[in-house]
Each structure stands twice: as structure tokens, then as C-alpha cells.
Amino acid sequence: MPTTLPPLPIVDPHFHIWDANTLPNPNLGELTMKALPVYSFLNYEQDCGVGVAGSVHIEAVVGQAKGAAKALDPVAETRFVLEKVGAEGVKNVNIVAFVKLSAMPEAQAVIDAHKHLAAERFVGVRMILNYSSDDPSLTWPQVERGDFLTGGVPSFKEGFALLAPRGLSFDLQVNWFQLQDAATFLQAFPETVVIVDHMGCLKLGAGDEEDAKRIAVWQEGMKALAALPNVYVKLSMLEYMRSGWQHKETGIATAEVMSSEISAAGNDVEKEISEGSSSTTNANTVVKARVREVIEWFGSERCMFASNFPVDKCLLGGDAQPTTLEALVLAQHALVSDLPEEQTLQLFSETAKKVYKLK
């Protein structure tokens, strides 16, 4: 396990709290609810173990399909978070709330309600858009269609236009094969700050040939987004990308995946590949290459590490440690420990502070 920490304190731009007993949320999934039905600010602070100067609570409503039998009230979540902030003594926390931007004109009223409740803490909106017509496992709960970014739902564009004038950012969560469409859509909104969640949700482990194809599609999509100066990236949910990434000794992925296109990831990564077997290299190398590519394309001033706790706490449970934020930060820092301190400061605190307006 790595032992060096980045400059402290850090800023964590992506975490959640919930209480399935008082505010049920079936969109979180049966497994999560069984393993962790309650996760509070106090639980989060206990998990931290390192200095955290500020955090951003990201909505966990997930999606809101039209006419859903179990529709959730996104404003109720914001109210719940604010109540817990007051009761548990948390200070420097801002909020990214759920708004179904395609539900016009109601979306404007929901934005206003979030603002009325949270005031300056309300800094952004997330409406998850992960959708696949071919693989149901790549469609997030209650995301009912995949053409929000391609003009199939004109009201989504109308709702998206509400954000910039109100000083609100947008957390963009899509699958890797939706990134190019996102880049095309966002060209019309140069004034809106956009943060790509979880490095574009690249999902590997589907076999050598398929992984190579996925990486190629992801690379083109991320490069297209990097060309837009208002777009930022969270380096997070890496366990979703490739299980076992935090251990150099574990995880198997083909060397074919590590094509010449990853040269931007640096000499150390290329050296690891060349020293590996001709047929395999480990998950840590695969993930490190992807992280370093993103930093090269966007610059550290537009990238930020995030915990995604407690989701990653669940993903990283059992044999695939770490399960504390301190251990996760150690593993994240190991991916970039050779970078200058100025860049690590940006990656672990300064970019997030700027984008999410933290004190």
C-alpha cells in the first residue's frame, strides 16, 4: 500500500449521505441499501482520517423517469442534507442537487426551491444521463432514454440553459460512448461550467479486444471534451473502471490495451508496460495510464481527485481495500506522486475549491 500523502488538507468534491430509514431511495440499489442503509456526515468524517478542508455533497436521486411509481422529491434530499449539516456540525460543504432539466417549465421551479433552501451552498446540478440501449447494466436507475444530448428531448437543452445565468455548474455523468455526443452538445454552452464525473465512466474488464475498443472510444470523447475550456474532470470511481487498481500487484489487463496512444501518461507508465509480460499488465498500470492521459489533456488545473464515498467504500470493500478515505487518497496520490507539488495541490484541492466555490 502506498504511504505518501498529497499536500494536506484536501478538498473532496464528490461524496453522498443518505438514510434509507427516513428518506427511502430505491435508486441506490438493493445491494447498497443492504450493506449501508445509513451513511451520515459523522460516518464520512470517521472515514476521512486525513485533513479535509471542504467537501461537495452530490445528489443521489440518480434519475426521475416520467410517471415513475417511486418518484423521489429532489428538494427533500437537499432539505435532508441541510438538516444534517446543522445537526452534525459540518461547515464547509456545498451542494450539487438533482434537477430533471428536461421537465420544463417545472425545472426552473425546482432550481429556485433548491436555491431558497441552500442559498450559497447550492452551486450546481446533476442529472445522470448514463444510458445504453444494448446493455441494461449501463443504464442508471430511472434514466429513461439516451437522446438528451442529441436533440431528442428539446426541453433538456432549454433546461440546461437555465444554469449559467444562475451561476450553477453541471455535473455530467455519462457512459464512455456518450462522451462525444456530450462534447457536441456542450459547444452551445461555453459559459456553463461542466464537470465530467468519474472520468467518463469508462468500464473495462470485458475482454482484451473489447477493452481496447472501449479505451479508443473513451479517448476520442475525452479529447473532444478537453478542447472545451469550461469542462473539468473528476478523477474518481476508479474501481468501477478496473477492479484492483490500487494495488500494483493485483488485477490483470492485457498489454494490447496499453497502446502507443498512452505515451502522454509518462515515462514511468511506459516503463511499467515494457517491463511487463508480452500478454498482460496489471490493473494499476491500466488505470494510472488513463488518469495521466486525462491530466495531460485537461491540465491539472481542470482535474480533481474525489472520493465518491460511500459508493466507493462499498465498491472497495471485502478483499479490494481501501475502505477509508485516507487509504483511498494514498492510492490516488501514488498515481501522481512524481508530479510537482503545484500540480498535486490542484488535483487534491485547488481545482475543486475553484469550481465548486468552496471557502
# chains A, B, ... in the order shown; residues from 1 in each chain; ligands from 1
call {"tool": "select_by_dssp", "arguments": {"residues": "region 125-262 of chain A", "states": "strand (DSSP E)", "output": "JSON, numbers by chain"}}
result
{"A": [125, 126, 169, 170, 171, 172, 194, 195, 196, 231, 232, 233, 234, 235, 253, 254]}
call {"tool": "write_last_selection", "arguments": {"atoms": "C-alpha atoms", "output": "PDB file, in the first residue's frame"}}
result
ATOM      1  CA  VAL A 125     -26.923  20.493 -10.724  1.00  0.00           C
ATOM      2  CA  ARG A 126     -26.525  16.862 -11.666  1.00  0.00           C
ATOM      3  CA  SER A 169     -22.371  24.242 -12.769  1.00  0.00           C
ATOM      4  CA  PHE A 170     -23.427  20.912 -14.271  1.00  0.00           C
ATOM      5  CA  ASP A 171     -22.055  17.543 -13.221  1.00  0.00           C
ATOM      6  CA  LEU A 172     -22.011  15.454 -16.396  1.00  0.00           C
ATOM      7  CA  VAL A 194     -19.237  21.424 -16.595  1.00  0.00           C
ATOM      8  CA  ILE A 195     -17.584  18.694 -14.548  1.00  0.00           C
ATOM      9  CA  VAL A 196     -17.243  15.218 -16.054  1.00  0.00           C
ATOM     10  CA  VAL A 231     -15.080  21.472 -18.920  1.00  0.00           C
ATOM     11  CA  TYR A 232     -13.386  19.883 -15.885  1.00  0.00           C
ATOM     12  CA  VAL A 233     -12.932  16.250 -14.799  1.00  0.00           C
ATOM     13  CA  LYS A 234     -13.237  14.262 -11.591  1.00  0.00           C
ATOM     14  CA  LEU A 235     -10.638  11.531 -11.248  1.00  0.00           C
ATOM     15  CA  ALA A 253      -5.413  -6.463 -18.027  1.00  0.00           C
ATOM     16  CA  THR A 254      -3.976  -7.021 -21.473  1.00  0.00           C
TER      17      THR A 254
END
call {"tool": "residues_around", "arguments": {"residues": "region 303-307 of chain A", "least_positions_apart": "5", "cutoff": "10 Å", "atoms": "only C-alpha atoms", "output": "count of residues only"}}
result
50
call {"tool": "select_by_dssp", "arguments": {"residues": "region 114-261 of chain A", "states": "helix (DSSP H, G or I)", "output": "ChimeraX atom specification"}}
result
/A:114-121,136-138,154-160,164-166,176-186,197-200,208-226,238-241,255-257,260-261
call {"tool": "write_last_selection", "arguments": {"atoms": "C-alpha atoms", "output": "short mmCIF file (atom, residue, chain, number, x, y, z; two decimals), in the first residue's frame"}}
result
data_model
loop_
_atom_site.label_atom_id
_atom_site.label_comp_id
_atom_site.auth_asym_id
_atom_site.auth_seq_id
_atom_site.Cartn_x
_atom_site.Cartn_y
_atom_site.Cartn_z
CA HIS A 114 -33.01 24.35 -4.05
CA LYS A 115 -31.69 27.90 -4.01
CA HIS A 116 -34.25 29.03 -1.45
CA LEU A 117 -33.26 26.21 0.88
CA ALA A 118 -29.50 26.05 0.40
CA ALA A 119 -28.66 29.63 -0.60
CA GLU A 120 -24.95 29.93 -1.38
CA ARG A 121 -24.31 26.26 -0.65
CA PRO A 136 -29.14 -2.58 -19.28
CA SER A 137 -26.33 -2.65 -16.71
CA LEU A 138 -25.01 0.59 -18.24
CA PRO A 154 -35.51 19.69 -26.87
CA SER A 155 -36.67 20.68 -23.40
CA PHE A 156 -33.39 19.34 -21.95
CA LYS A 157 -31.45 21.99 -23.84
CA GLU A 158 -33.93 24.61 -22.64
CA GLY A 159 -33.45 23.47 -19.05
CA PHE A 160 -29.66 23.33 -19.41
CA ALA A 164 -25.13 29.62 -16.46
CA PRO A 165 -27.24 32.73 -15.77
CA ARG A 166 -27.73 31.46 -12.21
CA TRP A 176 -17.74 6.48 -22.25
CA PHE A 177 -19.58 6.04 -25.56
CA GLN A 178 -21.74 9.12 -24.82
CA LEU A 179 -18.80 11.49 -24.33
CA GLN A 180 -18.54 12.59 -27.96
CA ASP A 181 -22.24 13.49 -28.03
CA ALA A 182 -21.75 15.41 -24.79
CA ALA A 183 -18.89 17.40 -26.30
CA THR A 184 -21.01 18.31 -29.32
CA PHE A 185 -23.93 19.35 -27.10
CA LEU A 186 -21.76 21.46 -24.80
CA ASP A 197 -17.95 12.73 -13.27
CA HIS A 198 -15.84 9.63 -12.76
CA MET A 199 -13.54 10.16 -15.76
CA GLY A 200 -16.35 9.48 -18.19
CA ASP A 208 -8.90 -7.84 -24.32
CA GLU A 209 -10.33 -6.83 -27.67
CA GLU A 210 -13.42 -5.14 -26.26
CA ASP A 211 -11.40 -3.22 -23.66
CA ALA A 212 -9.12 -1.86 -26.38
CA LYS A 213 -12.15 -0.67 -28.35
CA ARG A 214 -13.67 0.96 -25.30
CA ILE A 215 -10.48 2.81 -24.47
CA ALA A 216 -10.22 4.14 -28.03
CA VAL A 217 -13.80 5.46 -27.92
CA TRP A 218 -13.23 6.94 -24.48
CA GLN A 219 -10.01 8.63 -25.56
CA GLU A 220 -11.67 10.38 -28.50
CA GLY A 221 -14.58 11.51 -26.35
CA MET A 222 -12.38 12.84 -23.56
CA LYS A 223 -10.14 14.67 -26.01
CA ALA A 224 -13.20 16.34 -27.53
CA LEU A 225 -14.29 17.48 -24.07
CA ALA A 226 -10.78 18.66 -23.21
CA LEU A 238 -11.54 4.22 -10.46
CA GLU A 239 -12.61 0.85 -9.04
CA TYR A 240 -15.55 0.94 -11.46
CA MET A 241 -13.10 1.39 -14.31
CA ALA A 255 -0.94 -5.18 -22.68
CA GLU A 256 -2.73 -4.66 -26.00
CA VAL A 257 -4.96 -2.18 -24.19
CA SER A 260 1.10 3.75 -28.07
CA GLU A 261 -1.55 6.41 -27.51
#
call {"tool": "closest_residue", "arguments": {"among": "A:Glu191, A:His247, A:Val96, A:Leu162", "to": "Leu330 (chain A)", "atoms": "only C-alpha atoms"}}
result
A:His247
call {"tool": "residues_around", "arguments": {"residues": "Asp19 (chain A)", "least_positions_apart": "5", "cutoff": "12 Å", "atoms": "only C-alpha atoms", "output": "JSON, numbers by chain"}}
result
{"A": [24, 25, 26, 28, 32, 33, 34, 36, 37, 38, 39, 40, 41, 43, 60, 77, 80, 81, 84]}
call {"tool": "write_last_selection", "arguments": {"atoms": "all heavy atoms", "output": "short mmCIF file (atom, residue, chain, number, x, y, z; two decimals), in the first residue's frame"}}
result
data_model
loop_
_atom_site.label_atom_id
_atom_site.label_comp_id
_atom_site.auth_asym_id
_atom_site.auth_seq_id
_atom_site.Cartn_x
_atom_site.Cartn_y
_atom_site.Cartn_z
N PRO A 24 -36.27 6.95 2.10
CA PRO A 24 -36.00 5.79 1.23
C PRO A 24 -35.63 6.22 -0.19
O PRO A 24 -36.20 7.16 -0.74
CB PRO A 24 -37.34 5.03 1.24
CG PRO A 24 -38.01 5.46 2.51
CD PRO A 24 -37.63 6.89 2.70
N ASN A 25 -34.67 5.50 -0.75
CA ASN A 25 -34.22 5.80 -2.12
C ASN A 25 -33.91 4.50 -2.84
O ASN A 25 -32.77 4.01 -2.81
CB ASN A 25 -32.98 6.70 -2.09
CG ASN A 25 -32.53 7.12 -3.49
OD1 ASN A 25 -33.06 6.65 -4.49
ND2 ASN A 25 -31.55 8.01 -3.55
N PRO A 26 -34.90 3.90 -3.50
CA PRO A 26 -34.68 2.63 -4.18
C PRO A 26 -33.67 2.72 -5.33
O PRO A 26 -33.12 1.71 -5.75
CB PRO A 26 -36.08 2.26 -4.71
CG PRO A 26 -36.80 3.56 -4.80
CD PRO A 26 -36.29 4.38 -3.67
N LEU A 28 -30.76 3.74 -5.22
CA LEU A 28 -29.41 3.41 -4.77
C LEU A 28 -29.10 1.92 -4.92
O LEU A 28 -27.94 1.53 -4.86
CB LEU A 28 -29.22 3.84 -3.31
CG LEU A 28 -29.22 5.35 -3.07
CD1 LEU A 28 -29.22 5.63 -1.58
CD2 LEU A 28 -28.04 6.02 -3.75
N THR A 32 -26.57 -1.86 -2.13
CA THR A 32 -26.07 -0.73 -1.34
C THR A 32 -26.92 -0.54 -0.09
O THR A 32 -26.40 -0.31 1.00
CB THR A 32 -26.08 0.56 -2.18
OG1 THR A 32 -25.23 0.38 -3.31
CG2 THR A 32 -25.59 1.75 -1.37
N MET A 33 -28.23 -0.62 -0.27
CA MET A 33 -29.12 -0.40 0.86
C MET A 33 -28.96 -1.48 1.93
O MET A 33 -29.11 -1.21 3.12
CB MET A 33 -30.57 -0.34 0.38
CG MET A 33 -30.91 0.92 -0.38
SD MET A 33 -30.74 2.44 0.63
CE MET A 33 -29.02 2.88 0.35
N LYS A 34 -28.64 -2.68 1.51
CA LYS A 34 -28.44 -3.76 2.48
C LYS A 34 -27.11 -3.59 3.20
O LYS A 34 -27.00 -3.79 4.41
CB LYS A 34 -28.49 -5.10 1.77
CG LYS A 34 -28.36 -6.30 2.71
CD LYS A 34 -28.49 -7.63 1.95
CE LYS A 34 -28.37 -8.81 2.89
NZ LYS A 34 -28.48 -10.10 2.17
N LEU A 36 -25.24 -0.74 3.42
CA LEU A 36 -25.02 0.56 4.05
C LEU A 36 -26.30 1.40 3.97
O LEU A 36 -26.36 2.38 3.23
CB LEU A 36 -23.86 1.28 3.36
CG LEU A 36 -23.16 2.38 4.14
CD1 LEU A 36 -22.41 1.77 5.34
CD2 LEU A 36 -22.18 3.13 3.25
N PRO A 37 -27.33 1.05 4.75
CA PRO A 37 -28.59 1.78 4.67
C PRO A 37 -28.52 3.22 5.19
O PRO A 37 -29.33 4.05 4.82
CB PRO A 37 -29.55 0.94 5.52
CG PRO A 37 -28.65 0.20 6.46
CD PRO A 37 -27.40 -0.09 5.69
N VAL A 38 -27.54 3.48 6.06
CA VAL A 38 -27.36 4.83 6.61
C VAL A 38 -25.91 5.24 6.46
O VAL A 38 -25.00 4.47 6.80
CB VAL A 38 -27.77 4.89 8.10
CG1 VAL A 38 -27.51 6.30 8.65
CG2 VAL A 38 -29.22 4.49 8.28
N TYR A 39 -25.70 6.43 5.91
CA TYR A 39 -24.34 6.99 5.85
C TYR A 39 -24.48 8.48 6.13
O TYR A 39 -25.07 9.23 5.35
CB TYR A 39 -23.69 6.75 4.49
CG TYR A 39 -22.21 7.06 4.48
CD1 TYR A 39 -21.30 6.16 5.02
CD2 TYR A 39 -21.72 8.25 3.95
CE1 TYR A 39 -19.93 6.43 5.03
CE2 TYR A 39 -20.37 8.54 3.95
CZ TYR A 39 -19.47 7.62 4.49
OH TYR A 39 -18.12 7.90 4.50
N SER A 40 -23.94 8.91 7.27
CA SER A 40 -24.12 10.28 7.75
C SER A 40 -22.84 11.09 7.59
O SER A 40 -21.77 10.57 7.24
CB SER A 40 -24.51 10.25 9.22
OG SER A 40 -23.41 9.78 10.01
N PHE A 41 -22.94 12.37 7.88
CA PHE A 41 -21.75 13.22 7.90
C PHE A 41 -20.75 12.71 8.93
O PHE A 41 -19.54 12.75 8.72
CB PHE A 41 -22.12 14.67 8.23
CG PHE A 41 -22.62 15.46 7.05
CD1 PHE A 41 -23.90 15.98 7.05
CD2 PHE A 41 -21.82 15.69 5.95
CE1 PHE A 41 -24.36 16.71 5.98
CE2 PHE A 41 -22.27 16.42 4.87
CZ PHE A 41 -23.55 16.93 4.88
N ASN A 43 -20.35 9.58 9.86
CA ASN A 43 -19.70 8.42 9.25
C ASN A 43 -18.61 8.86 8.28
O ASN A 43 -17.51 8.28 8.23
CB ASN A 43 -20.71 7.56 8.51
CG ASN A 43 -21.76 6.94 9.41
OD1 ASN A 43 -22.94 6.90 9.06
ND2 ASN A 43 -21.36 6.47 10.59
N ALA A 60 -28.03 12.07 -4.83
CA ALA A 60 -28.13 10.62 -5.00
C ALA A 60 -29.53 10.22 -5.45
O ALA A 60 -29.93 9.07 -5.30
CB ALA A 60 -27.77 9.90 -3.70
N GLU A 77 -34.25 15.84 -0.63
CA GLU A 77 -32.86 15.45 -0.38
C GLU A 77 -32.04 16.64 0.08
O GLU A 77 -31.25 16.54 1.02
CB GLU A 77 -32.23 14.82 -1.62
CG GLU A 77 -30.80 14.35 -1.36
CD GLU A 77 -30.06 13.92 -2.62
OE1 GLU A 77 -30.07 14.70 -3.60
OE2 GLU A 77 -29.47 12.83 -2.62
N PHE A 80 -32.85 17.41 3.60
CA PHE A 80 -32.25 16.41 4.47
C PHE A 80 -30.76 16.69 4.70
O PHE A 80 -30.27 16.67 5.83
CB PHE A 80 -32.43 15.02 3.84
CG PHE A 80 -31.60 13.93 4.43
CD1 PHE A 80 -31.91 13.36 5.65
CD2 PHE A 80 -30.48 13.46 3.75
CE1 PHE A 80 -31.13 12.35 6.19
CE2 PHE A 80 -29.70 12.44 4.27
CZ PHE A 80 -30.02 11.88 5.51
N VAL A 81 -30.06 17.00 3.63
CA VAL A 81 -28.62 17.29 3.75
C VAL A 81 -28.39 18.51 4.63
O VAL A 81 -27.51 18.51 5.50
CB VAL A 81 -28.00 17.49 2.35
CG1 VAL A 81 -26.56 18.00 2.47
CG2 VAL A 81 -28.02 16.18 1.57
N LYS A 84 -28.83 17.77 8.29
CA LYS A 84 -27.70 17.02 8.83
C LYS A 84 -26.47 17.91 8.97
O LYS A 84 -25.69 17.75 9.91
CB LYS A 84 -27.38 15.83 7.92
CG LYS A 84 -28.50 14.79 7.87
CD LYS A 84 -28.83 14.25 9.25
CE LYS A 84 -29.94 13.22 9.21
NZ LYS A 84 -30.30 12.73 10.55
#
call {"tool": "residues_around", "arguments": {"residues": "region 287-290 of chain A", "least_positions_apart": "2", "cutoff": "6 Å", "atoms": "only C-alpha atoms", "output": "MDAnalysis selection string"}}
result
chainID A and resid 265 284:285 292:293 335
call {"tool": "closest_residue", "arguments": {"among": "A:Val75, A:Leu42, A:Ala20, A:Ala53", "to": "Val110 (chain A)", "atoms": "only C-alpha atoms"}}
result
A:Val75
call {"tool": "atom_distance", "arguments": {"atom1": "CA of Asn175 (chain A)", "atom2": "CA of Asp135 (chain A)"}}
result
11.3 Å
call {"tool": "residues_around", "arguments": {"residues": "Met127 (chain A)", "least_positions_apart": "2", "cutoff": "8 Å", "atoms": "only C-alpha atoms", "output": "VMD selection string"}}
result
chain A and resid 62 to 63 98 to 101 125 129 171 to 173
call {"tool": "closest_residue", "arguments": {"among": "A:Gln187, A:Asn230, A:Gln64, A:Thr78", "to": "Leu23 (chain A)", "atoms": "only C-alpha atoms"}}
result
A:Thr78
call {"tool": "atom_distance", "arguments": {"atom1": "CA of Leu5 (chain A)", "atom2": "CA of Ile17 (chain A)"}}
result
25.1 Å
